[in-house]
>>> print(open('model-v1.pdb').read())   # PDB, C-alpha atoms and all ligand atoms
MODEL        1
ATOM      1  CA  MET A   1      -6.518   1.534 -15.538
ATOM      2  CA  SER A   2      -5.513   4.841 -13.939
ATOM      3  CA  PRO A   3      -5.586   5.600 -10.237
ATOM      4  CA  VAL A   4      -8.910   7.040  -9.065
ATOM      5  CA  ASN A   5      -8.903  10.483  -7.521
ATOM      6  CA  THR A   6      -9.854  11.591  -4.039
ATOM      7  CA  ARG A   7     -13.177  13.066  -5.033
ATOM      8  CA  ASP A   8     -14.380   9.635  -6.160
ATOM      9  CA  ARG A   9     -13.377   8.215  -2.849
ATOM     10  CA  ILE A  10     -15.291  10.805  -0.849
ATOM     11  CA  LEU A  11     -18.402  10.267  -2.968
ATOM     12  CA  ARG A  12     -18.030   6.539  -2.568
ATOM     13  CA  GLU A  13     -17.596   6.812   1.189
ATOM     14  CA  ASN A  14     -20.695   8.912   1.570
ATOM     15  CA  ARG A  15     -22.666   6.523  -0.567
ATOM     16  CA  SER A  16     -21.495   3.437   1.285
ATOM     17  CA  ARG A  17     -22.326   5.035   4.659
ATOM     18  CA  ASN A  18     -25.868   5.654   3.513
ATOM     19  CA  ASP A  19     -26.374   2.303   1.849
ATOM     20  CA  TRP A  20     -24.749   0.031   4.319
ATOM     21  CA  THR A  21     -25.742   0.574   7.932
ATOM     22  CA  SER A  22     -23.334  -2.019   9.328
ATOM     23  CA  VAL A  23     -20.213  -0.069   8.322
ATOM     24  CA  PRO A  24     -17.858  -0.299  11.300
ATOM     25  CA  LYS A  25     -16.663   2.864  13.072
ATOM     26  CA  HIS A  26     -13.196   2.413  11.670
ATOM     27  CA  GLY A  27     -11.924   1.112   8.365
ATOM     28  CA  VAL A  28     -10.041  -2.109   7.734
ATOM     29  CA  ILE A  29      -6.913  -0.281   6.582
ATOM     30  CA  GLY A  30      -5.455   2.830   8.187
ATOM     31  CA  VAL A  31      -3.017   4.744   5.978
ATOM     32  CA  MET A  32      -0.587   7.343   7.237
ATOM     33  CA  ARG A  33       2.480   9.225   6.136
ATOM     34  CA  LEU A  34       5.668   9.231   8.129
ATOM     35  CA  GLY A  35       7.596  12.454   7.585
ATOM     36  CA  ALA A  36       7.733  14.495   4.363
ATOM     37  CA  VAL A  37       5.120  12.861   2.124
ATOM     38  CA  GLY A  38       2.615  14.891   0.105
ATOM     39  CA  GLU A  39      -1.059  14.850   0.981
ATOM     40  CA  ALA A  40      -2.092  14.220  -2.641
ATOM     41  CA  VAL A  41      -0.249  10.927  -2.948
ATOM     42  CA  LEU A  42      -1.622   9.796   0.413
ATOM     43  CA  ASN A  43      -5.189  10.550  -0.699
ATOM     44  CA  ILE A  44      -4.680   8.775  -4.021
ATOM     45  CA  VAL A  45      -3.240   5.688  -2.333
ATOM     46  CA  ALA A  46      -6.123   5.594   0.168
ATOM     47  CA  ALA A  47      -8.728   5.960  -2.589
ATOM     48  CA  ASN A  48      -7.199   3.203  -4.697
ATOM     49  CA  LEU A  49      -6.723   0.787  -1.816
ATOM     50  CA  GLN A  50     -10.408   1.174  -1.078
ATOM     51  CA  GLU A  51     -11.398   0.799  -4.712
ATOM     52  CA  ILE A  52      -9.205  -2.175  -5.600
ATOM     53  CA  LEU A  53      -9.098  -4.074  -2.289
ATOM     54  CA  ARG A  54     -12.791  -3.218  -1.664
ATOM     55  CA  VAL A  55     -12.440  -2.589   2.055
ATOM     56  CA  PRO A  56     -12.945   0.719   3.899
ATOM     57  CA  VAL A  57      -9.787   2.813   4.287
ATOM     58  CA  ASP A  58      -9.151   5.605   6.790
ATOM     59  CA  ILE A  59      -6.513   8.298   6.590
ATOM     60  CA  LEU A  60      -4.664   8.566   9.899
ATOM     61  CA  PRO A  61      -2.750  11.570  11.243
ATOM     62  CA  ALA A  62       0.810  11.997   9.970
ATOM     63  CA  ARG A  63       3.733  10.955  12.135
ATOM     64  CA  PRO A  64       7.402  11.967  12.112
ATOM     65  CA  ALA A  65       9.896  10.410   9.690
ATOM     66  CA  PRO A  66      11.115   6.992  10.922
ATOM     67  CA  GLU A  67      14.538   8.121  12.171
ATOM     68  CA  PHE A  68      14.591   5.173  14.588
ATOM     69  CA  ALA A  69      15.044   2.884  11.565
ATOM     70  CA  TYR A  70      18.050   4.710  10.077
ATOM     71  CA  ASN A  71      21.089   2.542   9.470
ATOM     72  CA  ASN A  72      24.349   4.440   9.508
ATOM     73  CA  ASN A  73      26.307   1.904   7.465
ATOM     74  CA  ARG A  74      23.796   1.715   4.665
ATOM     75  CA  LYS A  75      22.517   5.306   4.833
ATOM     76  CA  GLN A  76      19.057   3.833   4.361
ATOM     77  CA  TYR A  77      16.109   2.913   6.583
ATOM     78  CA  HIS A  78      15.471  -0.622   7.767
ATOM     79  CA  ALA A  79      11.985  -1.596   6.535
ATOM     80  CA  ALA A  80      11.466  -4.351   9.114
ATOM     81  CA  LEU A  81      11.986  -1.932  12.023
ATOM     82  CA  ILE A  82       9.330   0.372  10.580
ATOM     83  CA  LEU A  83       6.923  -2.560  10.153
ATOM     84  CA  LYS A  84       7.469  -3.647  13.753
ATOM     85  CA  LYS A  85       6.664  -0.168  15.045
ATOM     86  CA  LEU A  86       3.582   0.131  12.806
ATOM     87  CA  ALA A  87       2.328  -3.280  13.927
ATOM     88  CA  GLU A  88       2.489  -2.108  17.549
ATOM     89  CA  SER A  89       0.340   0.946  16.795
ATOM     90  CA  SER A  90      -2.633   1.317  19.127
ATOM     91  CA  ARG A  91      -4.988   2.204  16.265
ATOM     92  CA  PRO A  92      -7.984  -0.126  15.934
ATOM     93  CA  HIS A  93      -7.358  -0.941  12.262
ATOM     94  CA  PRO A  94      -6.539  -4.560  11.444
ATOM     95  CA  ARG A  95      -4.104  -3.311   8.783
ATOM     96  CA  ILE A  96      -1.803  -0.278   8.750
ATOM     97  CA  LEU A  97       0.028   1.116   5.723
ATOM     98  CA  ALA A  98       2.644   3.853   5.944
ATOM     99  CA  LEU A  99       4.090   5.971   3.151
ATOM    100  CA  VAL A 100       7.623   7.242   3.599
ATOM    101  CA  SER A 101       9.916   9.318   1.401
ATOM    102  CA  VAL A 102      13.141   7.792   2.711
ATOM    103  CA  ASP A 103      14.964   4.920   0.982
ATOM    104  CA  LEU A 104      14.173   1.494   2.464
ATOM    105  CA  PHE A 105      16.261  -1.666   2.640
ATOM    106  CA  ILE A 106      16.114  -5.153   4.021
ATOM    107  CA  PRO A 107      19.407  -6.879   4.785
ATOM    108  CA  VAL A 108      19.462  -9.153   1.701
ATOM    109  CA  LEU A 109      18.524  -6.473  -0.864
ATOM    110  CA  THR A 110      20.043  -3.160  -1.966
ATOM    111  CA  HIS A 111      16.655  -1.470  -1.596
ATOM    112  CA  VAL A 112      12.932  -2.193  -1.582
ATOM    113  CA  PHE A 113      10.003  -0.140  -2.927
ATOM    114  CA  GLY A 114       7.871  -1.566  -0.144
ATOM    115  CA  GLU A 115       7.757  -4.277   2.460
ATOM    116  CA  ALA A 116       4.978  -6.039   4.356
ATOM    117  CA  GLN A 117       4.455  -8.529   7.136
ATOM    118  CA  MET A 118       3.153 -11.662   5.399
ATOM    119  CA  GLY A 119      -0.202 -12.362   7.025
ATOM    120  CA  GLY A 120       0.553  -9.594   9.507
ATOM    121  CA  ARG A 121      -0.718  -6.111  10.169
ATOM    122  CA  ALA A 122       1.768  -3.678   8.692
ATOM    123  CA  ALA A 123       3.075  -2.573   5.314
ATOM    124  CA  VAL A 124       5.297   0.302   4.249
ATOM    125  CA  VAL A 125       5.875   1.944   0.864
ATOM    126  CA  SER A 126       8.814   4.153  -0.044
ATOM    127  CA  LEU A 127       8.339   6.920  -2.596
ATOM    128  CA  HIS A 128      12.079   7.463  -2.815
ATOM    129  CA  ARG A 129      12.783   5.548  -6.034
ATOM    130  CA  LEU A 130       9.373   5.885  -7.694
ATOM    131  CA  ARG A 131       9.764   9.461  -8.913
ATOM    132  CA  GLN A 132      12.437   8.720 -11.486
ATOM    133  CA  LYS A 133      13.303   6.413 -14.336
ATOM    134  CA  GLU A 134      16.018   3.827 -13.817
ATOM    135  CA  GLU A 135      18.488   6.053 -15.672
ATOM    136  CA  GLY A 136      17.637   8.989 -13.411
ATOM    137  CA  SER A 137      15.253  11.407 -15.210
ATOM    138  CA  ARG A 138      11.968  12.183 -13.495
ATOM    139  CA  VAL A 139       8.692  10.542 -14.497
ATOM    140  CA  SER A 140       5.316  12.279 -14.811
ATOM    141  CA  LEU A 141       3.228  12.787 -11.699
ATOM    142  CA  ASP A 142       0.671  10.296 -13.075
ATOM    143  CA  THR A 143       3.324   7.609 -13.433
ATOM    144  CA  PHE A 144       4.606   8.349  -9.935
ATOM    145  CA  TYR A 145       1.097   8.049  -8.471
ATOM    146  CA  GLU A 146       0.390   4.867 -10.384
ATOM    147  CA  ARG A 147       3.611   3.234  -9.228
ATOM    148  CA  THR A 148       2.940   4.192  -5.632
ATOM    149  CA  VAL A 149      -0.572   2.756  -5.801
ATOM    150  CA  LYS A 150       0.740  -0.501  -7.307
ATOM    151  CA  VAL A 151       3.342  -0.969  -4.596
ATOM    152  CA  ALA A 152       0.798  -0.104  -1.877
ATOM    153  CA  ILE A 153      -1.744  -2.629  -3.135
ATOM    154  CA  HIS A 154       0.890  -5.318  -3.703
ATOM    155  CA  GLU A 155       2.294  -4.896  -0.182
ATOM    156  CA  MET A 156      -1.119  -4.710   1.470
ATOM    157  CA  ALA A 157      -2.105  -7.936  -0.322
ATOM    158  CA  HIS A 158       0.917  -9.643   1.272
ATOM    159  CA  THR A 159      -0.617  -8.841   4.677
ATOM    160  CA  PHE A 160      -3.631 -10.859   3.479
ATOM    161  CA  ASP A 161      -1.306 -13.831   2.779
ATOM    162  CA  LEU A 162      -1.027 -13.357  -0.987
ATOM    163  CA  VAL A 163       2.307 -14.555  -2.361
ATOM    164  CA  HIS A 164       4.021 -13.624  -5.610
ATOM    165  CA  CYS A 165       2.175 -14.673  -8.726
ATOM    166  CA  ASN A 166       3.487 -16.000 -12.038
ATOM    167  CA  GLN A 167       0.689 -14.534 -14.116
ATOM    168  CA  ALA A 168       1.916 -11.741 -16.380
ATOM    169  CA  GLU A 169      -1.272  -9.758 -15.843
ATOM    170  CA  CYS A 170      -1.310  -9.552 -12.075
ATOM    171  CA  ILE A 171      -0.327  -6.956  -9.514
ATOM    172  CA  MET A 172       1.214  -9.724  -7.373
ATOM    173  CA  ARG A 173       3.905 -10.354  -9.962
ATOM    174  CA  PHE A 174       7.359  -9.657  -8.530
ATOM    175  CA  SER A 175       9.018  -6.587 -10.013
ATOM    176  CA  SER A 176      12.755  -6.081  -9.947
ATOM    177  CA  GLY A 177      12.780  -2.382 -10.811
ATOM    178  CA  THR A 178      10.657   0.563 -11.870
ATOM    179  CA  ASP A 179      10.649  -0.444 -15.572
ATOM    180  CA  ASP A 180       9.279  -3.794 -14.499
ATOM    181  CA  LEU A 181       6.787  -2.150 -12.157
ATOM    182  CA  ASP A 182       5.460   0.018 -14.994
ATOM    183  CA  GLY A 183       4.564  -3.149 -16.912
ATOM    184  CA  ILE A 184       2.509  -4.640 -14.106
ATOM    185  CA  PRO A 185      -1.245  -4.019 -14.181
ATOM    186  CA  LEU A 186      -3.215  -2.304 -11.434
ATOM    187  CA  PHE A 187      -5.390  -5.363 -10.764
ATOM    188  CA  PHE A 188      -5.225  -8.931  -9.508
ATOM    189  CA  CYS A 189      -5.448 -11.984 -11.741
ATOM    190  CA  GLU A 190      -8.480 -14.196 -11.164
ATOM    191  CA  TYR A 191      -6.526 -16.606  -8.932
ATOM    192  CA  CYS A 192      -5.193 -13.891  -6.660
ATOM    193  CA  GLU A 193      -8.628 -12.241  -6.605
ATOM    194  CA  ALA A 194     -10.131 -15.534  -5.373
ATOM    195  CA  PHE A 195      -7.321 -15.973  -2.867
ATOM    196  CA  LEU A 196      -7.983 -12.477  -1.526
ATOM    197  CA  ASP A 197     -11.669 -13.251  -1.043
ATOM    198  CA  ASP A 198     -10.688 -16.403   0.875
ATOM    199  CA  ALA A 199      -8.351 -14.361   3.041
ATOM    200  CA  TYR A 200     -11.118 -11.866   3.838
ATOM    201  CA  ARG A 201     -13.295 -14.763   4.966
ATOM    202  CA  ARG A 202     -10.483 -16.181   7.096
ATOM    203  CA  TYR A 203      -9.784 -12.828   8.711
ATOM    204  CA  GLU A 204     -13.528 -12.063   8.999
ATOM    205  CA  ILE A 205     -13.179  -8.897   6.969
ATOM    206  CA  GLN A 206     -16.303  -7.707   5.251
ATOM    207  CA  ARG A 207     -15.833  -6.401   1.723
ATOM    208  CA  LEU A 208     -17.487  -3.181   0.688
ATOM    209  CA  PRO A 209     -20.529  -3.815  -1.499
ATOM    210  CA  ASP A 210     -19.790  -3.629  -5.244
TER     211      ASP A 210
HETATM  212 ZN    ZN B 301       5.912  -8.759  -3.050
HETATM  213 ZN    ZN B 302      -2.098 -13.313  -9.553
ENDMDL
END
>>> encode(input="model-v1.pdb", output="structure tokens", more="lines below")
Ligand SMILES: [Zn+2]
Ligand SMILES: [Zn+2]
Amino acid sequence: MSPVNTRDRILRENRSRNDWTSVPKHGVIGVMRLGAVGEAVLNIVAANLQEILRVPVDILPARPAPEFAYNNNRKQYHAALILKKLAESSRPHPRILALVSVDLFIPVLTHVFGEAQMGGRAAVVSLHRLRQKEEGSRVSLDTFYERTVKVAIHEMAHTFDLVHCNQAECIMRFSSGTDDLDGIPLFFCEYCEAFLDDAYRRYEIQRLPD
């Protein structure tokens, strides 16, 4: 399955507004870029979150790069500090996802592609390592977009309490690198899908109609 494009999303949004009069004034997920992140990848992530998680997604205004999270020793950005700041955002969205182009870390790992607050509000995805193969050459734009979408959906699902999954064919499988990530599908297994529906009920989040 390939990522859907922005045009599909706009058509879908217009259709759902007409068909479903109880659509809230704001989406469930607000996505934004922090610093130098392209508009295309942001639009593709937003469209795919909406398509695969089946909740309305809004694109929020860009904000500056997260310099507050820079760690001088590691020359990387501390993911948890970014999550904390995002979680404090005054936006009405129950979930916030940020895309950054800087390299992220958490203290126990050399780097992370993304990080989320388990059962919390915020998630962050770094594009930094997704543009190249593990040996260093660049990947196609399609592969880059697909990887970014996978990490975004995986991290956002953590905010809905989903844990890592042992099923081979599931986006919640843990991936240790980009080669691994490329082998993970862009969908949930049936167990995780059911768990997500439960979480939506718990958090009183209304799914978009199919
Ligand atoms: Zn994970
Ligand atoms: Zn699963």
>>> residues_around(input="model-v1.pdb", residues="Ile205 (chain A)", least_positions_apart="4", cutoff="9 Å", atoms="only C-alpha atoms", output="PDB file with C-alpha atoms, in the frame of the given file")
ATOM      1  CA  VAL A  28     -10.041  -2.109   7.734  1.00  0.00           C
ATOM      2  CA  VAL A  55     -12.440  -2.589   2.055  1.00  0.00           C
ATOM      3  CA  ALA A 199      -8.351 -14.361   3.041  1.00  0.00           C
ATOM      4  CA  TYR A 200     -11.118 -11.866   3.838  1.00  0.00           C
ATOM      5  CA  ARG A 201     -13.295 -14.763   4.966  1.00  0.00           C
TER       6      ARG A 201
END
>>> residues_near_ligand(input="model-v1.pdb", ligand="ligand ZN 301 (chain B)", cutoff="12 Å", atoms="all atoms listed in the file", output="VMD selection string")
chain A and resid 112 to 118 123 to 125 150 to 166 170 to 176 181
>>> closest_residue(input="model-v1.pdb", among="A:Asp198, A:Asp58, A:Glu193, A:Glu204", to="ligand ZN 302 (chain B)", atoms="all atoms listed in the file")
A:Glu193
>>> residues_around(input="model-v1.pdb", residues="region 130-139 of chain A", least_positions_apart="4", cutoff="8 Å", atoms="all atoms listed in the file", output="mmCIF file with C-alpha atoms, keeping the file's coordinate frame")
data_model
loop_
_atom_site.group_PDB
_atom_site.id
_atom_site.type_symbol
_atom_site.label_atom_id
_atom_site.label_comp_id
_atom_site.auth_asym_id
_atom_site.auth_seq_id
_atom_site.Cartn_x
_atom_site.Cartn_y
_atom_site.Cartn_z
ATOM 1 C CA PHE A 113 10.003 -0.140 -2.927
ATOM 2 C CA SER A 126 8.814 4.153 -0.044
ATOM 3 C CA THR A 143 3.324 7.609 -13.433
ATOM 4 C CA PHE A 144 4.606 8.349 -9.935
ATOM 5 C CA ARG A 147 3.611 3.234 -9.228
ATOM 6 C CA THR A 148 2.940 4.192 -5.632
ATOM 7 C CA GLY A 177 12.780 -2.382 -10.811
ATOM 8 C CA THR A 178 10.657 0.563 -11.870
ATOM 9 C CA ASP A 179 10.649 -0.444 -15.572
#
>>> residues_around(input="model-v1.pdb", residues="Glu67 (chain A)", least_positions_apart="6", cutoff="12 Å", atoms="only C-alpha atoms", output="list in words")
Leu34, Gly35, Lys75, Gln76, Tyr77, His78, Ala79, Leu81, Ile82, Lys85, Val100, Ser101, Val102, Asp103 and Leu104 of chain A
>>> axis_aligned_box(input="model-v1.pdb", around="region 70-89 of chain A", padding_each_side="5 Å", output="JSON")
{"center_x": 13.3, "center_y": 0.5, "center_z": 11.0, "size_x": 36.0, "size_y": 19.7, "size_z": 23.2}
